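Here the structure comes first, spelled out in structure tokens, and everything after it is commentary.
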Amino acid sequence: MTGYYKDEDLDRFGEMGKYNQELFGKFMSWYTAALEPGVLNKREKVLIGLSVAHAIQCPYCIDAYTKSCLEEGMSLEHITEAVHVASAVRGGASLIHGIQSHNAADKISL
Amino acid sequence: MINKKFKDTLSEVCSGPLVSVDIKILQVNVGYLCNMACKHCHANAGAERQEIMERENIEAVLRVLEETDINILDITGGAPEMNPYFTHLVREARRIGKHVMVRTNLTIFFEEGKEYLPEFYGNNSVEIIASLPFYMESEVDRVRGKGSFHKCAEALRKLNSLGYGAEESDKKLHLVYNPSGAFMSPPQETLEADYKRELFGRLGVSFNSLFTFLNMPVGRFRDYLIRSGNFEKYMGKLICAFNPETLEGLMCRHLINVGWDGRLYDCDFNQMLGLGVHSSRGQRIADFDYQELIKRTINVEEHCYGCTAGRGST
């Protein structure tokens, strides 16, 4: 990761609390709690995180959740399958909007 | 963070230095010669290594086993089976009633002249600790070389056919997972369930337990960390993960490690770093003094963060 996104910037995440510690603190508590094992286990949660990271294309999240997946005993095969799920849902989301296009065309067509 | 010495971390949670508790295991590294050259190997083992334990030190090991209450012989390498006195060591240790564990890479079974090994292990009731870094071919071959996964699978099937790995069997077969990179190990219980399900489902293979180890920042893996720019982050992660609850069960507090040249160490990692045991009565197997060694202070350095991180790794 070079240029606009720098590896070392992830370690500076805490600086986001500089101008509003209260909101940042609340975010961190919520984030930490959301990742704790619950009905879903840790592995399922980091795999969801990885998929979302790819869907939103956040380089920091991709790095962090790839590592988390490896540390939960998953391999590149697992990771690749999860990325396909994220991509397929994302692709499907575009495709289903074809109906909106058809609807819009119907409105103005004879 | 990376400069925090292990001794300083230790002094924050202990009133004194790390000391030996007992000596239950004699861990013997019979040489660095190996038929493989795995990327994570802390011993830098390989086909070009010349360091091999000679007969004199093998006999000294057997003498120590005979004269003490140490009941477990843990044989490691390299590929320990490549030592010319390997079978002698195993047979004699068994003859005097000692439990023998061997750390094998499994692929050695397919080297010329080594085909006898599975039966030899079975006939001598050797407990097998076999390295298998993952249950998928691509990961294993990436770390250990192309074709190694299939050889491991065949070796495991052979061991199963001899009674190894079944739940009720007294022939114990354990597998060892190492992360295939600069990251921490998964929880042992979760990964063991994955290994059992996948290896049985894909290959029809069974085993008793899985041990998840961390890669120590020593040897070939340390070189990789430095070369890839991961060293500082990896050490930082180990230091942050320091868990004082791991101290009681550290292997170095319950064993003595013997190098290929007969020198004594607190563990195999210290051996690779040349950090000998603290002992006033000599540092060689020929000078072995049980009463002195059982009271020794453990020689610690930065790599000890590897064995004390998270759930521990020994």
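Scheme for the structure tokens: letters A, B, ... for chains in order shown; per-chain residue numbers from 1; ligand numbers from 1 in order shown.
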Specify as JSON, numbers by chain all residues of chain B found within 12 Å of chain A, counting only C-alpha atoms. {"B": [133, 134, 135, 136, 137, 138, 139, 140, 142, 177, 178, 179, 180, 181, 182, 183, 184, 185, 186, 187, 188, 189, 190, 191, 192, 193, 194, 195, 212, 213, 214, 233, 234, 310]}
Report the residues of stretch 114-195 of chain B whose backbone DSSP state falls under alpha helix (DSSP H), written as a VMD selection string. chain B and resid 117 to 123 137 to 144 148 to 161 188 to 195
Closest of A:Ala34, A:Ile79, A:Ala64, A:Ala105 to A:Asp7 - atom-to-atom distances counting only C-alpha atoms: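 Using only C-alpha atoms, the shortest distance to A:Asp7 belongs to A:Ala64.
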Dump as CSV the rows for residues of stretch 28-59 of chain B within 12 Å of stretch 89-106 of chain B: closest atom pair and distance in Å with one decimal, only C-alpha atoms counted, ordered by chain and rising residue number.
```
residue,atom,partner,partner_atom,distance
B:Val28,CA,B:Val102,CA,9.7
B:Asn29,CA,B:Arg103,CA,9.9
B:Val30,CA,B:Leu89,CA,9.9
B:Cys34,CA,B:Asn105,CA,9.1
B:Asn35,CA,B:Asn105,CA,9.0
B:Met36,CA,B:Asn105,CA,8.3
B:Ala37,CA,B:Asn105,CA,10.6
B:Cys38,CA,B:Asn105,CA,9.9
B:Cys41,CA,B:Asn105,CA,11.3
B:Ala45,CA,B:Asn105,CA,11.7
B:Met53,CA,B:Leu89,CA,11.0
B:Glu54,CA,B:Leu89,CA,11.2
B:Arg55,CA,B:Leu89,CA,9.4
B:Glu56,CA,B:Leu89,CA,11.5
B:Asn57,CA,B:Leu89,CA,10.5
B:Ile58,CA,B:Leu89,CA,6.7
B:Glu59,CA,B:Leu89,CA,8.0
```
Could those residues be written to a file, using N, CA, C and O atoms, as a tab-separated table (two decimals), in the first residue's frame?
```tsv
chain	number	residue	atom	x	y	z
B	28	VAL	N	16.60	-34.20	22.63
B	28	VAL	CA	17.89	-34.37	21.98
B	28	VAL	C	17.79	-34.01	20.51
B	28	VAL	O	17.02	-34.61	19.76
B	29	ASN	N	18.57	-33.03	20.10
B	29	ASN	CA	18.64	-32.66	18.68
B	29	ASN	C	19.83	-33.43	18.08
B	29	ASN	O	20.98	-33.10	18.35
B	30	VAL	N	19.52	-34.44	17.30
B	30	VAL	CA	20.58	-35.33	16.80
B	30	VAL	C	21.22	-34.83	15.52
B	30	VAL	O	22.03	-35.54	14.91
B	34	CYS	N	18.66	-32.53	7.01
B	34	CYS	CA	17.24	-32.76	6.75
B	34	CYS	C	17.02	-32.94	5.26
B	34	CYS	O	17.76	-32.38	4.44
B	35	ASN	N	16.00	-33.72	4.92
B	35	ASN	CA	15.66	-33.90	3.50
B	35	ASN	C	14.80	-32.77	2.98
B	35	ASN	O	14.46	-32.72	1.81
B	36	MET	N	14.41	-31.84	3.90
B	36	MET	CA	13.58	-30.69	3.50
B	36	MET	C	14.28	-29.40	3.88
B	36	MET	O	15.31	-29.42	4.57
B	37	ALA	N	13.72	-28.28	3.47
B	37	ALA	CA	14.26	-26.98	3.86
B	37	ALA	C	13.07	-26.02	4.04
B	37	ALA	O	12.88	-25.09	3.27
B	38	CYS	N	12.26	-26.30	5.07
B	38	CYS	CA	11.02	-25.55	5.27
B	38	CYS	C	11.31	-24.09	5.59
B	38	CYS	O	12.27	-23.77	6.30
B	41	CYS	N	11.67	-23.05	9.36
B	41	CYS	CA	12.54	-23.86	10.23
B	41	CYS	C	13.47	-22.99	11.08
B	41	CYS	O	14.27	-22.22	10.54
B	45	ALA	N	17.61	-26.12	9.09
B	45	ALA	CA	17.97	-27.48	8.68
B	45	ALA	C	17.89	-27.64	7.17
B	45	ALA	O	17.15	-26.92	6.50
B	53	MET	N	24.94	-35.66	15.44
B	53	MET	CA	25.40	-36.18	16.73
B	53	MET	C	26.16	-37.49	16.52
B	53	MET	O	25.67	-38.41	15.87
B	54	GLU	N	27.36	-37.55	17.10
B	54	GLU	CA	28.20	-38.76	16.96
B	54	GLU	C	27.85	-39.79	18.04
B	54	GLU	O	27.17	-39.48	19.01
B	55	ARG	N	28.39	-41.01	17.85
B	55	ARG	CA	28.07	-42.14	18.72
B	55	ARG	C	28.38	-41.83	20.19
B	55	ARG	O	27.61	-42.19	21.09
B	56	GLU	N	29.48	-41.14	20.43
B	56	GLU	CA	29.91	-40.84	21.81
B	56	GLU	C	28.81	-40.06	22.57
B	56	GLU	O	28.50	-40.39	23.73
B	57	ASN	N	28.24	-39.08	21.92
B	57	ASN	CA	27.20	-38.30	22.58
B	57	ASN	C	25.87	-39.06	22.67
B	57	ASN	O	25.10	-38.88	23.62
B	58	ILE	N	25.61	-39.90	21.66
B	58	ILE	CA	24.40	-40.75	21.72
B	58	ILE	C	24.49	-41.64	22.97
B	58	ILE	O	23.52	-41.77	23.74
B	59	GLU	N	25.67	-42.24	23.21
B	59	GLU	CA	25.85	-43.11	24.37
B	59	GLU	C	25.74	-42.31	25.67
B	59	GLU	O	25.19	-42.80	26.66
```
What's the 10 Å shell around A:Asp63, counting only C-alpha atoms, without same-chain residues fewer than 5 positions away, as a list in words?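 Non-adjacent residues within range: Met1, Asp7, Leu10, Leu50, Ala53, Cys58 and Ser68 of chain A.
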All strand (DSSP E or B) positions in stretch 52-276 of chain B, as a PDB file with N, CA and C atoms, in the first residue's frame:
```pdb
ATOM      1  N   ILE B  52      25.955 -33.443  12.895  1.00  0.00           N
ATOM      2  CA  ILE B  52      25.292 -34.715  13.217  1.00  0.00           C
ATOM      3  C   ILE B  52      25.828 -35.204  14.560  1.00  0.00           C
ATOM      4  N   ILE B  72      11.249 -39.405  29.708  1.00  0.00           N
ATOM      5  CA  ILE B  72      10.848 -39.133  28.322  1.00  0.00           C
ATOM      6  C   ILE B  72      12.043 -38.668  27.504  1.00  0.00           C
ATOM      7  N   LEU B  73      12.244 -39.334  26.375  1.00  0.00           N
ATOM      8  CA  LEU B  73      13.261 -38.919  25.403  1.00  0.00           C
ATOM      9  C   LEU B  73      12.522 -38.311  24.212  1.00  0.00           C
ATOM     10  N   ASP B  74      12.821 -37.062  23.909  1.00  0.00           N
ATOM     11  CA  ASP B  74      12.174 -36.318  22.815  1.00  0.00           C
ATOM     12  C   ASP B  74      13.251 -36.070  21.762  1.00  0.00           C
ATOM     13  N   ILE B  75      13.134 -36.755  20.622  1.00  0.00           N
ATOM     14  CA  ILE B  75      14.194 -36.683  19.605  1.00  0.00           C
ATOM     15  C   ILE B  75      13.769 -35.746  18.483  1.00  0.00           C
ATOM     16  N   THR B  76      14.666 -34.790  18.183  1.00  0.00           N
ATOM     17  CA  THR B  76      14.342 -33.805  17.153  1.00  0.00           C
ATOM     18  C   THR B  76      15.548 -33.578  16.254  1.00  0.00           C
ATOM     19  N   HIS B  99      10.014 -43.607  27.628  1.00  0.00           N
ATOM     20  CA  HIS B  99       9.041 -43.228  26.609  1.00  0.00           C
ATOM     21  C   HIS B  99       9.769 -42.410  25.544  1.00  0.00           C
ATOM     22  N   VAL B 100       9.548 -42.750  24.270  1.00  0.00           N
ATOM     23  CA  VAL B 100      10.276 -42.055  23.200  1.00  0.00           C
ATOM     24  C   VAL B 100       9.296 -41.295  22.295  1.00  0.00           C
ATOM     25  N   MET B 101       9.590 -40.019  22.111  1.00  0.00           N
ATOM     26  CA  MET B 101       8.828 -39.192  21.170  1.00  0.00           C
ATOM     27  C   MET B 101       9.779 -38.789  20.048  1.00  0.00           C
ATOM     28  N   VAL B 102       9.284 -38.802  18.813  1.00  0.00           N
ATOM     29  CA  VAL B 102      10.112 -38.343  17.689  1.00  0.00           C
ATOM     30  C   VAL B 102       9.357 -37.270  16.919  1.00  0.00           C
ATOM     31  N   ARG B 103      10.055 -36.186  16.615  1.00  0.00           N
ATOM     32  CA  ARG B 103       9.471 -35.119  15.792  1.00  0.00           C
ATOM     33  C   ARG B 103       9.875 -35.380  14.346  1.00  0.00           C
ATOM     34  N   THR B 104       8.914 -35.798  13.566  1.00  0.00           N
ATOM     35  CA  THR B 104       9.214 -36.206  12.186  1.00  0.00           C
ATOM     36  C   THR B 104       8.546 -35.281  11.173  1.00  0.00           C
ATOM     37  N   GLU B 127       6.007 -42.425  20.172  1.00  0.00           N
ATOM     38  CA  GLU B 127       4.987 -41.383  20.021  1.00  0.00           C
ATOM     39  C   GLU B 127       5.461 -40.437  18.921  1.00  0.00           C
ATOM     40  N   ILE B 128       4.602 -40.194  17.950  1.00  0.00           N
ATOM     41  CA  ILE B 128       5.010 -39.408  16.787  1.00  0.00           C
ATOM     42  C   ILE B 128       4.423 -37.994  16.837  1.00  0.00           C
ATOM     43  N   ILE B 129       5.309 -37.019  16.693  1.00  0.00           N
ATOM     44  CA  ILE B 129       4.894 -35.615  16.589  1.00  0.00           C
ATOM     45  C   ILE B 129       5.254 -35.197  15.162  1.00  0.00           C
ATOM     46  N   ALA B 130       4.247 -35.071  14.316  1.00  0.00           N
ATOM     47  CA  ALA B 130       4.509 -34.851  12.891  1.00  0.00           C
ATOM     48  C   ALA B 130       4.132 -33.441  12.464  1.00  0.00           C
ATOM     49  N   SER B 131       5.044 -32.822  11.736  1.00  0.00           N
ATOM     50  CA  SER B 131       4.789 -31.466  11.262  1.00  0.00           C
ATOM     51  C   SER B 131       3.860 -31.498  10.051  1.00  0.00           C
ATOM     52  N   LEU B 173      -0.300 -40.373  17.630  1.00  0.00           N
ATOM     53  CA  LEU B 173       0.139 -39.592  16.475  1.00  0.00           C
ATOM     54  C   LEU B 173      -0.423 -38.180  16.616  1.00  0.00           C
ATOM     55  N   HIS B 174       0.482 -37.214  16.797  1.00  0.00           N
ATOM     56  CA  HIS B 174       0.048 -35.821  16.938  1.00  0.00           C
ATOM     57  C   HIS B 174       0.572 -35.010  15.766  1.00  0.00           C
ATOM     58  N   LEU B 175      -0.184 -34.001  15.388  1.00  0.00           N
ATOM     59  CA  LEU B 175       0.250 -33.125  14.298  1.00  0.00           C
ATOM     60  C   LEU B 175       0.603 -31.748  14.855  1.00  0.00           C
ATOM     61  N   VAL B 176       1.469 -31.071  14.126  1.00  0.00           N
ATOM     62  CA  VAL B 176       1.897 -29.729  14.544  1.00  0.00           C
ATOM     63  C   VAL B 176       1.569 -28.723  13.451  1.00  0.00           C
ATOM     64  N   TYR B 177       0.872 -27.664  13.860  1.00  0.00           N
ATOM     65  CA  TYR B 177       0.577 -26.544  12.952  1.00  0.00           C
ATOM     66  C   TYR B 177       1.536 -25.399  13.234  1.00  0.00           C
ATOM     67  N   SER B 209      -3.973 -35.560  18.427  1.00  0.00           N
ATOM     68  CA  SER B 209      -4.085 -34.156  18.848  1.00  0.00           C
ATOM     69  C   SER B 209      -3.346 -33.264  17.871  1.00  0.00           C
ATOM     70  N   LEU B 210      -3.747 -32.000  17.879  1.00  0.00           N
ATOM     71  CA  LEU B 210      -3.031 -30.997  17.096  1.00  0.00           C
ATOM     72  C   LEU B 210      -2.390 -29.999  18.063  1.00  0.00           C
ATOM     73  N   PHE B 211      -1.128 -29.706  17.848  1.00  0.00           N
ATOM     74  CA  PHE B 211      -0.450 -28.662  18.618  1.00  0.00           C
ATOM     75  C   PHE B 211      -0.256 -27.452  17.710  1.00  0.00           C
ATOM     76  N   THR B 212      -0.724 -26.299  18.140  1.00  0.00           N
ATOM     77  CA  THR B 212      -0.502 -25.085  17.343  1.00  0.00           C
ATOM     78  C   THR B 212       0.673 -24.334  17.946  1.00  0.00           C
ATOM     79  N   PHE B 242       2.234 -10.817  25.473  1.00  0.00           N
ATOM     80  CA  PHE B 242       2.856 -11.509  26.615  1.00  0.00           C
ATOM     81  C   PHE B 242       1.801 -11.856  27.663  1.00  0.00           C
ATOM     82  N   LEU B 255      12.455 -29.401  30.951  1.00  0.00           N
ATOM     83  CA  LEU B 255      13.312 -30.259  30.128  1.00  0.00           C
ATOM     84  C   LEU B 255      14.734 -29.726  30.057  1.00  0.00           C
ATOM     85  N   ILE B 256      15.595 -30.584  29.525  1.00  0.00           N
ATOM     86  CA  ILE B 256      16.949 -30.176  29.139  1.00  0.00           C
ATOM     87  C   ILE B 256      17.092 -30.532  27.669  1.00  0.00           C
ATOM     88  N   ASN B 257      17.637 -29.600  26.918  1.00  0.00           N
ATOM     89  CA  ASN B 257      17.855 -29.812  25.490  1.00  0.00           C
ATOM     90  C   ASN B 257      19.327 -30.113  25.244  1.00  0.00           C
ATOM     91  N   VAL B 258      19.583 -31.126  24.421  1.00  0.00           N
ATOM     92  CA  VAL B 258      20.955 -31.513  24.107  1.00  0.00           C
ATOM     93  C   VAL B 258      21.224 -31.235  22.629  1.00  0.00           C
ATOM     94  N   ARG B 263      26.303 -30.323  23.710  1.00  0.00           N
ATOM     95  CA  ARG B 263      26.123 -29.182  24.617  1.00  0.00           C
ATOM     96  C   ARG B 263      24.687 -29.149  25.140  1.00  0.00           C
ATOM     97  N   LEU B 264      24.536 -28.601  26.345  1.00  0.00           N
ATOM     98  CA  LEU B 264      23.224 -28.557  26.986  1.00  0.00           C
ATOM     99  C   LEU B 264      22.616 -27.157  26.883  1.00  0.00           C
ATOM    100  N   TYR B 265      21.302 -27.146  26.665  1.00  0.00           N
ATOM    101  CA  TYR B 265      20.572 -25.881  26.516  1.00  0.00           C
ATOM    102  C   TYR B 265      19.238 -25.989  27.256  1.00  0.00           C
ATOM    103  N   GLY B 276      23.921 -21.441  26.029  1.00  0.00           N
ATOM    104  CA  GLY B 276      24.025 -22.664  26.832  1.00  0.00           C
ATOM    105  C   GLY B 276      23.358 -22.530  28.193  1.00  0.00           C
TER     106      GLY B 276
END
```
Length of the atom CA of B:Gly31 to atom CA of B:Gly312 vector [Å]: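 Distance between the two atoms: 26.3 Å.
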